[in-house]
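A.B. asks: Below is the file model04.txt, with compact mmCIF, C-alpha atoms and all ligand atoms.
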# COMPACT_ATOMS: atom_id res chain seq x y z
CA MET A 1 -66.02 4.12 -77.88
CA PHE A 2 -67.73 2.18 -80.67
CA MET A 3 -67.50 -1.57 -81.18
CA ARG A 4 -67.42 -1.09 -84.95
CA ASP A 5 -64.13 0.87 -84.59
CA VAL A 6 -62.62 -1.83 -82.37
CA ILE A 7 -63.52 -4.52 -84.93
CA GLN A 8 -62.09 -2.47 -87.78
CA LYS A 9 -58.84 -1.79 -85.92
CA LYS A 10 -58.26 -5.48 -85.32
CA ARG A 11 -59.39 -6.41 -88.83
CA ASP A 12 -56.68 -4.07 -90.16
CA GLY A 13 -54.00 -5.65 -87.97
CA GLY A 14 -53.86 -3.01 -85.21
CA SER A 15 -53.12 -3.61 -81.53
CA LEU A 16 -56.00 -3.13 -79.12
CA SER A 17 -55.47 -0.93 -76.06
CA ALA A 18 -56.40 -1.93 -72.50
CA ALA A 19 -59.45 0.36 -72.74
CA GLU A 20 -60.62 -1.27 -75.98
CA ILE A 21 -60.18 -4.78 -74.58
CA ASP A 22 -62.08 -3.87 -71.40
CA PHE A 23 -64.79 -2.21 -73.50
CA PHE A 24 -65.31 -5.42 -75.50
CA VAL A 25 -65.09 -7.84 -72.57
CA ASN A 26 -67.33 -5.84 -70.22
CA GLY A 27 -69.79 -4.79 -72.94
CA TYR A 28 -70.25 -8.31 -74.25
CA THR A 29 -70.57 -9.78 -70.75
CA GLU A 30 -73.23 -7.24 -69.79
CA GLY A 31 -75.16 -7.79 -73.04
CA ALA A 32 -74.50 -4.29 -74.41
CA ILE A 33 -72.53 -5.70 -77.36
CA PRO A 34 -74.52 -8.12 -79.55
CA ASP A 35 -73.30 -11.59 -80.60
CA TYR A 36 -72.74 -10.52 -84.21
CA GLN A 37 -70.25 -7.77 -83.28
CA ALA A 38 -68.48 -9.98 -80.76
CA ALA A 39 -68.25 -12.74 -83.39
CA ALA A 40 -66.82 -10.29 -85.93
CA LEU A 41 -64.10 -9.22 -83.49
CA LEU A 42 -63.28 -12.83 -82.63
CA MET A 43 -62.94 -13.66 -86.33
CA ALA A 44 -60.70 -10.61 -86.85
CA ILE A 45 -58.54 -11.86 -83.94
CA CYS A 46 -58.32 -15.30 -85.60
CA PHE A 47 -56.97 -13.67 -88.76
CA SER A 48 -54.80 -10.90 -87.25
CA GLY A 49 -53.67 -12.56 -83.99
CA LEU A 50 -53.00 -10.96 -80.61
CA SER A 51 -49.66 -9.64 -79.33
CA ALA A 52 -48.25 -10.86 -76.01
CA ASP A 53 -49.46 -7.61 -74.39
CA GLU A 54 -52.96 -7.99 -75.79
CA ILE A 55 -53.14 -11.61 -74.57
CA PHE A 56 -52.09 -10.48 -71.11
CA LEU A 57 -54.69 -7.67 -71.09
CA LEU A 58 -57.45 -9.95 -72.38
CA THR A 59 -56.61 -12.56 -69.72
CA GLY A 60 -56.86 -9.91 -66.98
CA ALA A 61 -60.16 -8.55 -68.33
CA ILE A 62 -61.65 -12.08 -68.44
CA ALA A 63 -60.42 -12.86 -64.91
CA ARG A 64 -61.85 -9.57 -63.55
CA SER A 65 -65.19 -9.95 -65.34
CA GLY A 66 -66.58 -11.72 -62.27
CA GLU A 67 -65.70 -12.84 -58.79
CA ILE A 68 -62.11 -13.90 -57.97
CA VAL A 69 -62.56 -16.98 -55.81
CA ASP A 70 -60.69 -16.74 -52.52
CA LEU A 71 -59.41 -20.21 -51.68
CA SER A 72 -57.20 -18.99 -48.84
CA GLY A 73 -59.53 -20.88 -46.49
CA VAL A 74 -58.34 -24.19 -47.97
CA LYS A 75 -55.16 -25.53 -46.41
CA GLY A 76 -52.22 -26.45 -48.62
CA THR A 77 -51.27 -25.62 -52.20
CA LYS A 78 -54.44 -25.86 -54.27
CA VAL A 79 -53.81 -27.40 -57.68
CA ASP A 80 -55.89 -27.20 -60.85
CA LYS A 81 -55.35 -29.13 -64.08
CA HIS A 82 -56.60 -27.98 -67.46
CA SER A 83 -56.38 -29.29 -70.99
CA THR A 84 -56.42 -27.11 -74.06
CA GLY A 85 -58.99 -29.48 -75.55
CA GLY A 86 -58.74 -32.87 -77.14
CA VAL A 87 -60.76 -35.86 -78.27
CA GLY A 88 -61.41 -38.66 -75.79
CA ASP A 89 -59.56 -36.81 -73.03
CA LYS A 90 -60.99 -38.08 -69.76
CA THR A 91 -57.78 -37.73 -67.72
CA THR A 92 -59.28 -35.22 -65.27
CA PHE A 93 -61.50 -38.00 -63.88
CA VAL A 94 -58.41 -40.12 -63.21
CA ALA A 95 -55.53 -37.72 -62.50
CA ALA A 96 -57.49 -35.40 -60.18
CA PRO A 97 -58.72 -38.15 -57.79
CA LEU A 98 -55.23 -39.73 -57.81
CA ALA A 99 -53.60 -36.41 -56.85
CA ALA A 100 -56.28 -35.73 -54.23
CA ALA A 101 -55.78 -39.23 -52.80
CA CYS A 102 -52.10 -38.29 -52.36
CA GLY A 103 -53.05 -35.31 -50.21
CA VAL A 104 -53.03 -32.53 -52.82
CA PRO A 105 -56.15 -30.32 -52.70
CA VAL A 106 -57.66 -30.20 -56.18
CA ALA A 107 -59.86 -27.17 -56.90
CA LYS A 108 -60.67 -27.30 -60.58
CA MET A 109 -62.77 -25.22 -62.88
CA SER A 110 -63.77 -26.91 -66.14
CA GLY A 111 -65.49 -26.07 -69.39
CA ARG A 112 -68.01 -27.59 -71.74
CA GLY A 113 -67.29 -29.14 -75.12
CA LEU A 114 -65.79 -26.71 -77.60
CA GLY A 115 -65.67 -27.24 -81.37
CA PHE A 116 -64.83 -30.88 -82.03
CA THR A 117 -63.40 -31.35 -78.51
CA GLY A 118 -65.26 -32.70 -75.50
CA GLY A 119 -65.70 -30.87 -72.18
CA THR A 120 -65.32 -32.14 -68.63
CA VAL A 121 -68.52 -30.42 -67.46
CA ASP A 122 -70.65 -32.16 -70.12
CA LYS A 123 -69.04 -35.49 -69.24
CA MET A 124 -69.57 -34.90 -65.50
CA GLU A 125 -73.25 -34.20 -66.07
CA SER A 126 -73.72 -37.71 -67.46
CA ILE A 127 -73.34 -38.94 -63.86
CA PRO A 128 -76.88 -39.01 -62.44
CA GLY A 129 -77.48 -36.15 -59.99
CA MET A 130 -73.98 -34.66 -60.41
CA ARG A 131 -73.88 -30.89 -60.13
CA SER A 132 -71.21 -28.82 -61.79
CA SER A 133 -72.54 -25.49 -60.67
CA LEU A 134 -71.67 -24.87 -57.04
CA GLY A 135 -71.45 -21.59 -55.16
CA ALA A 136 -68.01 -20.43 -54.03
CA ASP A 137 -68.76 -21.40 -50.40
CA GLU A 138 -69.83 -24.92 -51.32
CA PHE A 139 -66.79 -25.28 -53.63
CA ILE A 140 -64.41 -24.28 -50.82
CA ALA A 141 -66.18 -26.46 -48.26
CA LEU A 142 -65.93 -29.46 -50.60
CA VAL A 143 -62.22 -29.01 -51.28
CA ASN A 144 -61.69 -28.75 -47.52
CA ARG A 145 -63.79 -31.82 -46.78
CA THR A 146 -62.96 -34.24 -49.59
CA GLY A 147 -59.84 -32.68 -51.12
CA ILE A 148 -61.42 -32.42 -54.57
CA ALA A 149 -64.09 -30.37 -56.36
CA VAL A 150 -64.63 -29.67 -60.05
CA ILE A 151 -66.98 -26.88 -61.03
CA GLY A 152 -68.22 -25.47 -64.28
CA GLN A 153 -68.19 -21.78 -64.86
CA THR A 154 -70.94 -20.26 -62.79
CA GLY A 155 -72.29 -16.94 -63.94
CA ARG A 156 -70.05 -15.43 -61.26
CA VAL A 157 -66.54 -16.62 -62.08
CA ALA A 158 -65.06 -15.39 -65.38
CA PRO A 159 -68.54 -14.84 -66.90
CA ALA A 160 -66.90 -13.18 -69.90
CA ASP A 161 -65.17 -16.42 -70.82
CA LYS A 162 -68.37 -18.40 -70.38
CA LYS A 163 -70.11 -16.20 -72.98
CA ILE A 164 -67.17 -15.81 -75.35
CA TYR A 165 -66.38 -19.53 -75.18
CA ALA A 166 -69.93 -20.50 -76.18
CA LEU A 167 -69.84 -18.01 -79.06
CA ARG A 168 -66.43 -19.22 -80.28
CA ASP A 169 -67.70 -22.78 -80.27
CA VAL A 170 -70.30 -22.03 -82.95
CA THR A 171 -68.48 -19.38 -84.99
CA ALA A 172 -65.32 -21.31 -85.90
CA THR A 173 -63.20 -18.94 -83.79
CA VAL A 174 -61.67 -21.42 -81.39
CA ASP A 175 -58.22 -22.10 -82.80
CA SER A 176 -56.42 -18.87 -82.03
CA LEU A 177 -53.43 -19.04 -79.68
CA GLY A 178 -54.30 -15.72 -78.01
CA LEU A 179 -57.97 -16.60 -77.51
CA ILE A 180 -57.15 -20.04 -76.10
CA ALA A 181 -54.42 -18.74 -73.76
CA SER A 182 -56.58 -15.89 -72.40
CA SER A 183 -59.68 -18.09 -72.10
CA ILE A 184 -57.90 -20.73 -70.07
CA MET A 185 -55.69 -18.48 -67.97
CA GLY A 186 -58.49 -15.91 -67.39
CA LYS A 187 -60.64 -18.50 -65.69
CA LYS A 188 -57.70 -20.18 -63.99
CA LEU A 189 -56.60 -16.92 -62.38
CA ALA A 190 -60.19 -16.22 -61.26
CA SER A 191 -60.68 -19.67 -59.79
CA GLY A 192 -58.20 -19.12 -56.98
CA SER A 193 -55.83 -22.11 -57.17
CA ASP A 194 -52.12 -21.69 -56.46
CA ALA A 195 -50.69 -24.04 -59.07
CA PHE A 196 -51.73 -25.25 -62.49
CA VAL A 197 -50.86 -28.28 -64.56
CA LEU A 198 -51.69 -27.45 -68.17
CA ASP A 199 -52.07 -30.27 -70.68
CA ILE A 200 -51.32 -28.70 -74.06
CA LYS A 201 -52.69 -31.04 -76.69
CA CYS A 202 -50.81 -31.28 -79.96
CA GLY A 203 -51.83 -33.01 -83.20
CA SER A 204 -54.81 -33.67 -85.47
CA GLY A 205 -57.31 -33.64 -82.60
CA ALA A 206 -55.99 -30.47 -80.97
CA PHE A 207 -56.29 -26.76 -81.66
CA MET A 208 -52.49 -26.71 -81.96
CA GLY A 209 -51.50 -29.04 -84.79
CA THR A 210 -47.71 -28.77 -84.52
CA LEU A 211 -45.23 -29.15 -81.69
CA ALA A 212 -43.94 -25.61 -82.33
CA ASP A 213 -47.44 -24.09 -81.97
CA ALA A 214 -48.19 -26.18 -78.89
CA MET A 215 -44.88 -25.07 -77.32
CA SER A 216 -45.74 -21.40 -78.00
CA LEU A 217 -49.16 -21.85 -76.40
CA GLY A 218 -47.62 -23.59 -73.37
CA GLU A 219 -44.95 -20.93 -72.95
CA THR A 220 -47.52 -18.13 -73.29
CA MET A 221 -49.80 -19.67 -70.68
CA ALA A 222 -46.94 -20.50 -68.31
CA GLY A 223 -45.69 -16.90 -68.67
CA ILE A 224 -49.13 -15.47 -67.79
CA GLY A 225 -49.45 -17.76 -64.76
CA GLU A 226 -45.98 -17.02 -63.48
CA ALA A 227 -46.45 -13.27 -63.91
CA ALA A 228 -49.51 -13.67 -61.69
CA GLY A 229 -47.41 -15.43 -59.05
CA LYS A 230 -48.71 -18.94 -59.76
CA LYS A 231 -46.78 -22.17 -60.21
CA VAL A 232 -47.36 -23.59 -63.69
CA ILE A 233 -46.26 -26.84 -65.32
CA ALA A 234 -47.29 -27.11 -68.96
CA VAL A 235 -47.03 -30.52 -70.60
CA VAL A 236 -47.31 -30.91 -74.37
CA THR A 237 -49.03 -34.24 -75.08
CA ASP A 238 -49.92 -36.21 -78.18
CA MET A 239 -53.41 -35.78 -79.66
CA ASP A 240 -52.78 -37.29 -83.07
CA GLN A 241 -55.46 -39.87 -82.37
CA PRO A 242 -58.20 -39.96 -79.70
CA LEU A 243 -57.04 -40.78 -76.20
CA GLY A 244 -58.30 -44.19 -75.13
CA ARG A 245 -61.10 -45.99 -76.96
CA CYS A 246 -64.18 -43.99 -75.94
CA VAL A 247 -65.21 -40.54 -77.20
CA GLY A 248 -68.42 -38.93 -75.92
CA ASN A 249 -69.79 -38.17 -72.47
CA SER A 250 -71.07 -41.09 -70.35
CA ILE A 251 -68.84 -43.59 -72.16
CA GLU A 252 -65.75 -41.50 -71.37
CA VAL A 253 -66.62 -41.38 -67.67
CA ILE A 254 -67.04 -45.18 -67.72
CA GLU A 255 -63.61 -45.52 -69.36
CA ALA A 256 -62.12 -43.26 -66.66
CA ILE A 257 -63.67 -45.43 -63.91
CA GLU A 258 -62.23 -48.53 -65.61
CA THR A 259 -58.84 -46.80 -65.58
CA LEU A 260 -59.16 -46.11 -61.85
CA LYS A 261 -59.89 -49.84 -61.46
CA GLY A 262 -56.61 -50.62 -63.24
CA ARG A 263 -58.32 -51.81 -66.43
CA GLY A 264 -58.00 -48.68 -68.58
CA PRO A 265 -56.30 -48.33 -71.96
CA ASP A 266 -52.53 -47.89 -71.69
CA ASP A 267 -52.48 -44.33 -73.04
CA VAL A 268 -55.19 -43.08 -70.63
CA THR A 269 -53.48 -44.78 -67.70
CA GLU A 270 -50.01 -43.50 -68.53
CA LEU A 271 -51.05 -39.90 -69.25
CA SER A 272 -53.24 -39.77 -66.13
CA LEU A 273 -50.38 -41.04 -63.95
CA ARG A 274 -48.02 -38.48 -65.41
CA LEU A 275 -50.46 -35.60 -65.02
CA ALA A 276 -51.19 -36.73 -61.46
CA SER A 277 -47.45 -36.84 -60.73
CA TYR A 278 -47.07 -33.23 -61.93
CA MET A 279 -50.07 -32.21 -59.80
CA ILE A 280 -48.53 -33.95 -56.79
CA CYS A 281 -45.22 -32.11 -57.38
CA ALA A 282 -46.93 -28.75 -58.01
CA GLY A 283 -48.88 -29.23 -54.79
CA GLY A 284 -45.64 -29.86 -52.89
CA ALA A 285 -46.50 -33.44 -51.82
CA ALA A 286 -43.50 -34.86 -53.72
CA GLY A 287 -40.05 -33.43 -54.33
CA THR A 288 -39.43 -35.06 -57.70
CA ARG A 289 -41.57 -36.21 -60.61
CA ASP A 290 -40.41 -39.78 -60.05
CA GLU A 291 -41.54 -39.65 -56.44
CA GLY A 292 -44.88 -38.13 -57.53
CA TYR A 293 -45.30 -40.84 -60.18
CA GLY A 294 -44.69 -43.58 -57.61
CA MET A 295 -47.28 -42.02 -55.28
CA ALA A 296 -49.84 -41.80 -58.10
CA GLU A 297 -49.19 -45.43 -59.07
CA ARG A 298 -49.72 -46.59 -55.49
CA ALA A 299 -52.98 -44.58 -55.27
CA LEU A 300 -54.15 -46.32 -58.46
CA GLU A 301 -53.12 -49.82 -57.39
CA SER A 302 -54.53 -49.53 -53.85
CA GLY A 303 -57.93 -48.27 -55.06
CA ALA A 304 -57.44 -45.00 -53.14
CA GLY A 305 -57.96 -43.05 -56.39
CA LEU A 306 -61.25 -44.85 -57.09
CA GLY A 307 -62.35 -44.17 -53.50
CA LYS A 308 -61.55 -40.47 -53.98
CA PHE A 309 -63.53 -40.45 -57.24
CA ARG A 310 -66.57 -41.79 -55.33
CA GLU A 311 -66.15 -39.06 -52.69
CA PHE A 312 -65.92 -36.47 -55.47
CA VAL A 313 -69.13 -37.74 -57.10
CA GLY A 314 -71.01 -37.96 -53.80
CA GLY A 315 -69.75 -34.52 -52.72
CA GLN A 316 -71.24 -32.96 -55.84
CA HIS A 317 -74.64 -34.66 -55.37
CA GLY A 318 -73.92 -37.42 -57.90
CA ASP A 319 -74.67 -41.10 -57.40
CA PRO A 320 -71.41 -42.87 -56.40
CA ARG A 321 -72.99 -46.26 -57.23
CA VAL A 322 -72.14 -45.51 -60.88
CA THR A 323 -68.67 -46.89 -60.22
CA GLU A 324 -70.19 -50.37 -59.77
CA ASP A 325 -73.31 -50.13 -61.94
CA TYR A 326 -72.72 -48.58 -65.36
CA SER A 327 -76.40 -49.03 -66.27
CA LEU A 328 -77.06 -45.92 -64.12
CA PHE A 329 -75.48 -43.84 -66.89
CA PRO A 330 -77.56 -42.66 -69.87
CA GLU A 331 -77.43 -45.53 -72.39
CA ALA A 332 -77.67 -45.18 -76.15
CA ALA A 333 -80.60 -46.83 -77.93
CA PHE A 334 -78.89 -47.28 -81.31
CA SER A 335 -75.48 -47.96 -82.77
CA GLU A 336 -73.95 -47.92 -86.24
CA PRO A 337 -70.59 -49.45 -87.24
CA ALA A 338 -68.01 -47.60 -89.34
CA LEU A 339 -66.66 -50.43 -91.49
CA SER A 340 -63.28 -50.64 -93.17
CA GLY A 341 -63.39 -50.80 -96.96
CA GLU A 342 -60.02 -52.58 -97.22
CA ASP A 343 -57.45 -54.83 -95.57
CA GLY A 344 -54.38 -53.17 -94.08
CA ILE A 345 -52.93 -51.42 -91.06
CA VAL A 346 -54.37 -48.25 -89.54
CA SER A 347 -51.64 -45.76 -90.38
CA GLY A 348 -53.39 -42.69 -88.95
CA VAL A 349 -56.60 -41.48 -87.32
CA ASP A 350 -57.72 -37.89 -87.77
CA ALA A 351 -58.81 -37.19 -84.21
CA ALA A 352 -60.68 -33.98 -85.14
CA LEU A 353 -62.86 -35.97 -87.54
CA ILE A 354 -63.60 -38.47 -84.78
CA GLY A 355 -64.54 -35.52 -82.54
CA LEU A 356 -66.77 -34.17 -85.31
CA ALA A 357 -68.38 -37.59 -85.78
CA SER A 358 -69.08 -37.74 -82.05
CA GLN A 359 -70.62 -34.25 -82.22
CA ARG A 360 -72.76 -35.38 -85.18
CA ALA A 361 -73.91 -38.43 -83.23
CA GLY A 362 -75.29 -35.94 -80.68
CA ALA A 363 -72.47 -35.79 -78.09
CA GLY A 364 -71.54 -32.16 -78.92
CA ARG A 365 -73.26 -28.92 -79.87
CA GLU A 366 -73.75 -27.38 -83.29
CA THR A 367 -75.33 -24.17 -81.95
CA LYS A 368 -74.67 -22.76 -78.51
CA ASP A 369 -78.15 -23.53 -77.17
CA ASP A 370 -78.21 -27.16 -78.38
CA ALA A 371 -78.96 -29.83 -75.80
CA ILE A 372 -76.52 -32.72 -76.03
CA ASP A 373 -77.17 -36.44 -75.94
CA LEU A 374 -75.12 -37.65 -72.98
CA SER A 375 -75.35 -41.26 -74.18
CA ALA A 376 -73.96 -40.51 -77.66
CA GLY A 377 -70.38 -41.16 -78.70
CA ILE A 378 -67.91 -43.40 -80.44
CA VAL A 379 -66.02 -46.50 -79.44
CA MET A 380 -62.79 -46.92 -81.38
CA ARG A 381 -62.48 -50.57 -82.38
CA LYS A 382 -59.13 -49.90 -84.11
CA LYS A 383 -56.35 -47.47 -83.35
CA ARG A 384 -53.11 -46.49 -85.06
CA GLY A 385 -50.98 -49.55 -85.79
CA ASP A 386 -53.86 -52.07 -85.60
CA ALA A 387 -54.44 -54.51 -88.46
CA VAL A 388 -57.88 -54.45 -90.04
CA ARG A 389 -59.77 -56.54 -92.61
CA ALA A 390 -62.28 -55.21 -95.16
CA GLY A 391 -65.76 -55.24 -93.57
CA GLU A 392 -64.42 -55.15 -89.99
CA PRO A 393 -65.56 -52.24 -87.76
CA LEU A 394 -63.04 -49.44 -87.35
CA ALA A 395 -65.33 -47.72 -84.86
CA GLU A 396 -68.88 -47.92 -83.58
CA VAL A 397 -71.08 -44.87 -83.20
CA PHE A 398 -73.77 -44.70 -80.48
CA GLY A 399 -76.74 -42.37 -79.94
CA SER A 400 -80.50 -41.92 -80.02
CA ASP A 401 -81.09 -40.86 -83.62
CA PRO A 402 -80.40 -43.50 -86.31
CA ALA A 403 -80.30 -40.89 -89.12
CA ARG A 404 -77.62 -38.86 -87.32
CA LEU A 405 -75.70 -42.05 -86.55
CA ARG A 406 -75.43 -43.00 -90.21
CA ILE A 407 -73.87 -39.59 -91.00
CA ALA A 408 -71.62 -39.82 -87.94
CA ALA A 409 -70.45 -43.33 -88.88
CA GLU A 410 -69.49 -42.10 -92.35
CA THR A 411 -67.53 -39.21 -90.81
CA ALA A 412 -65.81 -41.62 -88.40
CA ARG A 413 -64.89 -43.97 -91.27
CA SER A 414 -63.30 -41.08 -93.17
CA ALA A 415 -61.05 -40.38 -90.15
CA PHE A 416 -59.06 -43.60 -90.69
CA ALA A 417 -56.11 -43.90 -93.07
CA ILE A 418 -55.29 -47.52 -93.95
CA GLY A 419 -51.85 -48.39 -95.28
CA ARG A 420 -49.47 -51.32 -95.69
CA ASP A 421 -46.75 -50.42 -93.15
CA ARG A 422 -46.87 -50.10 -89.39
CA PRO A 423 -46.69 -46.36 -88.52
CA ALA A 424 -43.88 -44.99 -86.33
CA ARG A 425 -44.68 -44.80 -82.60
CA THR A 426 -45.38 -41.29 -81.28
CA GLU A 427 -44.45 -40.19 -77.79
CA LEU A 428 -47.37 -39.49 -75.45
CA ILE A 429 -45.48 -36.69 -73.67
CA ARG A 430 -43.85 -34.45 -76.24
CA ALA A 431 -42.37 -31.72 -73.99
CA VAL A 432 -42.54 -30.24 -70.50
CA ILE A 433 -42.44 -26.51 -69.81
CA ASP A 434 -42.09 -25.38 -66.23
CA GLY A 435 -40.64 -22.40 -64.36
CA ARG A 436 -37.23 -23.15 -65.85
CA GLY A 437 -38.52 -22.61 -69.40
CA PRO A 438 -38.81 -25.32 -72.05
CA GLY A 439 -37.40 -28.40 -70.40
CA PRO A 440 -36.26 -31.87 -71.31
CA LEU A 441 -38.71 -34.64 -72.01
CA TRP A 442 -39.85 -36.77 -69.10
CA PRO A 443 -38.61 -37.13 -66.37
N1 LIG B 501 -60.26 -24.65 -73.23
C1 LIG B 501 -60.67 -23.45 -72.77
O1 LIG B 501 -61.04 -23.31 -71.61
N2 LIG B 501 -60.65 -22.42 -73.62
C2 LIG B 501 -60.23 -22.52 -74.89
O2 LIG B 501 -60.22 -21.55 -75.59
C3 LIG B 501 -59.81 -23.78 -75.36
C4 LIG B 501 -59.84 -24.83 -74.51
Go ahead and express the file in the form of structure tokens.
C.D. replies:
Amino acid sequence: MFMRDVIQKKRDGGSLSAAEIDFFVNGYTEGAIPDYQAAALLMAICFSGLSADEIFLLTGAIARSGEIVDLSGVKGTKVDKHSTGGVGDKTTFVAAPLAAACGVPVAKMSGRGLGFTGGTVDKMESIPGMRSSLGADEFIALVNRTGIAVIGQTGRVAPADKKIYALRDVTATVDSLGLIASSIMGKKLASGSDAFVLDIKCGSGAFMGTLADAMSLGETMAGIGEAAGKKVIAVVTDMDQPLGRCVGNSIEVIEAIETLKGRGPDDVTELSLRLASYMICAGGAAGTRDEGYGMAERALESGAGLGKFREFVGGQHGDPRVTEDYSLFPEAAFSEPALSGEDGIVSGVDAALIGLASQRAGAGRETKDDAIDLSAGIVMRKKRGDAVRAGEPLAEVFGSDPARLRIAAETARSAFAIGRDRPARTELIRAVIDGRGPGPLWP
């Protein structure tokens, strides 16, 4: 088989066979297929799409490209939570400890930043000492001991996705429904959990811009999980502006800790509680979403979630004192405001542009080998519906390179639309898809 023929078939709108998909996935993982041919196929997929069968086959090939983690040694229903990628999304650091504090074992595999979106692994690594690469034995032992572990992709679990993901990030081949569904579900199926809560982001800061596309992605992923015998709850959530006020790495973890202390922004708190409630239900610790929500709220109010976060950090070799001393995080040397040019009301924020500005400040990668600046990021001083005066900061950009910050601040400023009227409120949870198919909105 020749890679050139596989690329041409997809370029011309053909359907790839199981053998062709395995040839690509295995060949690229082993290094036999070069980046430029893999990138050409990914771009052809972005243009021509993948059928449901191809998505299923690609998911299986990604899952089988490495070790399938056996979590049968962990008692209870192991739950994982995964987002399709957003801007300012730090809910894993809140929802996962809350669910674990309610007795649900959380065994989660996370990714790095992709395109304009941030990644949990990059954020985690801003905690001094924190390790995201653990062997399978250490991962299992941690979930058994503390009830929570979050790992990045080691070379051993879904290595195909690790390589393809990094290549997609820098070749503008991220926003394809089939590639996203197979990337996420391939690593989820390999990581050994029994149940998955999928946060399908929808809006200007998501790979799926419309509710219809986000629903299709959620249904596709839920279908793959269920066919593999897993319990899946997919929740379509708003990403039409960044979640919370902080976008970056260390500053997002600090905002998550503030949320666990009960002082977080309303949207981060509410979405985290809801995701935690779904995790608690999926893990069988609550019979209804309302019951799960009440349990998550009590874990937040009692400080049990914060305590679990400290155990999680300590368990993965990080310094748990960060919860009390934020100066232990990497701190930015410089900042640059993005000033409003007019009086008015913020009628919209293009979240992808804020993600791009954060990347330009140094918080994300432009090429796959770039090092990132863990201190870089953006603090949103205004969000949708806020009044602003000319000359007031809309956002503030942080980082270590003043020249980059000036460009990033200009990008951030261009993300804001200022109007005269207060914009309509958008729902945080747009839809829920579980085993019963597309369901009603919350509850
Ligand atoms: N998250 C992933 O793990 N993969 C994607 O393709 C997009 C978001």
A.B. asks: Give the residue list for ligand LIG 501 (chain B) at 10 Å, counting all atoms listed in the file, as an MDAnalysis selection string, sorted by chain and then by residue number.
C.D. replies: chainID A and resid 82:86 109:115 117:119 153 161:162 164:166 168:169 173:188 200:201 206:207
A.B. asks: Using all atoms listed in the file, can you tell me which of A:Glu252, A:Asp53, A:Glu410, A:Asp80 comes closest to Ile224 of chain A?
C.D. replies: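 Looking only at the distances to Ile224 of chain A, the closest residue turns out to be A:Asp53.
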A.B. asks: Sorted by chain and rising residue number, which residues of segment 190-264 of chain A lie within 9 Å of segment 381-399 of chain A, and what are their closest atom pairs and distances in Å to one decimal, counting all atoms listed in the file, as a tab-separated table?
C.D. replies:
residue	atom	partner	partner_atom	distance
A:Gln241	CA	A:Arg384	CA	7.5
A:Pro242	CA	A:Lys383	CA	8.6
A:Arg245	CA	A:Arg381	CA	7.2
A.B. asks: Please indicate the distance in Å from atom CA of Glu311 of chain A to atom CA of Asp266 of chain A, rounded to one decimal place.
C.D. replies: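 The value is 25.0 Å.
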A.B. asks: For Ile372 of chain A, which of A:Arg420, A:Arg156, A:Lys163, A:Lys123 is the closest residue, counting only C-alpha atoms?
C.D. replies: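 Of A:Arg420, A:Arg156, A:Lys163, A:Lys123, the one nearest Ile372 of chain A is A:Lys123, counting only C-alpha atoms.
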A.B. asks: Per residue of segment 131-206 of chain A within 10 Å of segment 343-359 of chain A, which atom pair is closest and at what distance in Å (one decimal), using all atoms listed in the file, listed by chain and increasing number, as a tab-separated table?
C.D. replies:
residue	atom	partner	partner_atom	distance
A:Gly203	CA	A:Ala351	CA	8.2
A:Ser204	CA	A:Ala351	CA	5.5
A:Gly205	CA	A:Ala351	CA	4.2
A:Ala206	CA	A:Ala352	CA	7.2
A.B. asks: Any chance you could export the current selection's C-alpha atoms as a PDB file, keeping the file's coordinate frame?
C.D. replies:
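Now in part_26.pdb:
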ATOM      1  CA  GLY A 203     -51.830 -33.010 -83.200  1.00  0.00           C
ATOM      2  CA  SER A 204     -54.810 -33.670 -85.470  1.00  0.00           C
ATOM      3  CA  GLY A 205     -57.310 -33.640 -82.600  1.00  0.00           C
ATOM      4  CA  ALA A 206     -55.990 -30.470 -80.970  1.00  0.00           C
TER       5      ALA A 206
END
A.B. asks: Just checking: using only C-alpha atoms, which residue out of A:Leu98, A:Ala409, A:Ala158, A:Ile45 ends up closest to Leu189 of chain A?
C.D. replies: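 Using only C-alpha atoms, Leu189 of chain A sits closest to A:Ala158.
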A.B. asks: Neighbouring residues of Ser17 of chain A were defined as those with any atom within 12 Å, considering all atoms listed in the file; residues of the same chain fewer than 6 positions away were excluded. Please report them as a VMD selection string.
C.D. replies: chain A and resid 1 6 9 to 10 23 to 24 50 to 51 53 to 58 61
A.B. asks: What gap, in Å, lies between atom CA of Ala412 of chain A and atom CA of Ala338 of chain A?
C.D. replies: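 So the answer is 6.4 Å.
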A.B. asks: Show which residues sit within 9 Å of Ala38 of chain A, as a list in words. Count only C-alpha atoms, and ignore same-chain residues fewer than 5 positions away.
C.D. replies: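 Skipping anything fewer than 5 positions along the chain leaves Met3, Ile7, Phe24, Tyr28, Ile33, Met43, Ile164 and Leu167 of chain A.
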A.B. asks: Rounded to one decimal, what separation in Å do you get between atom CA of Ala107 of chain A and atom CA of Ala227 of chain A?
C.D. replies: 20.5 Å
A.B. asks: Compare A:Thr92, A:Asp434, A:Ala424, A:Ala363 by their minimum atom-to-atom distance to Lys230 of chain A, counting all atoms listed in the file, and give me the closest one.
C.D. replies: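 Closest candidate: A:Asp434.
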A.B. asks: Let me have the centre and edge lengths of the axis-aligned box enclosing all listed atoms of segment 14-32 of chain A with 3 Å padding on every side, in Å to one decimal, as lines of an AutoDock Vina configuration file.
C.D. replies:
center_x = -64.1
center_y = -4.7
center_z = -77.5
size_x = 28.0
size_y = 16.1
size_z = 21.4
A.B. asks: Between A:Leu42, A:Ala101, A:Ala160, A:Ile127, which one has atoms that come closest to Asp22 of chain A, using all atoms listed in the file?
C.D. replies: A:Ala160
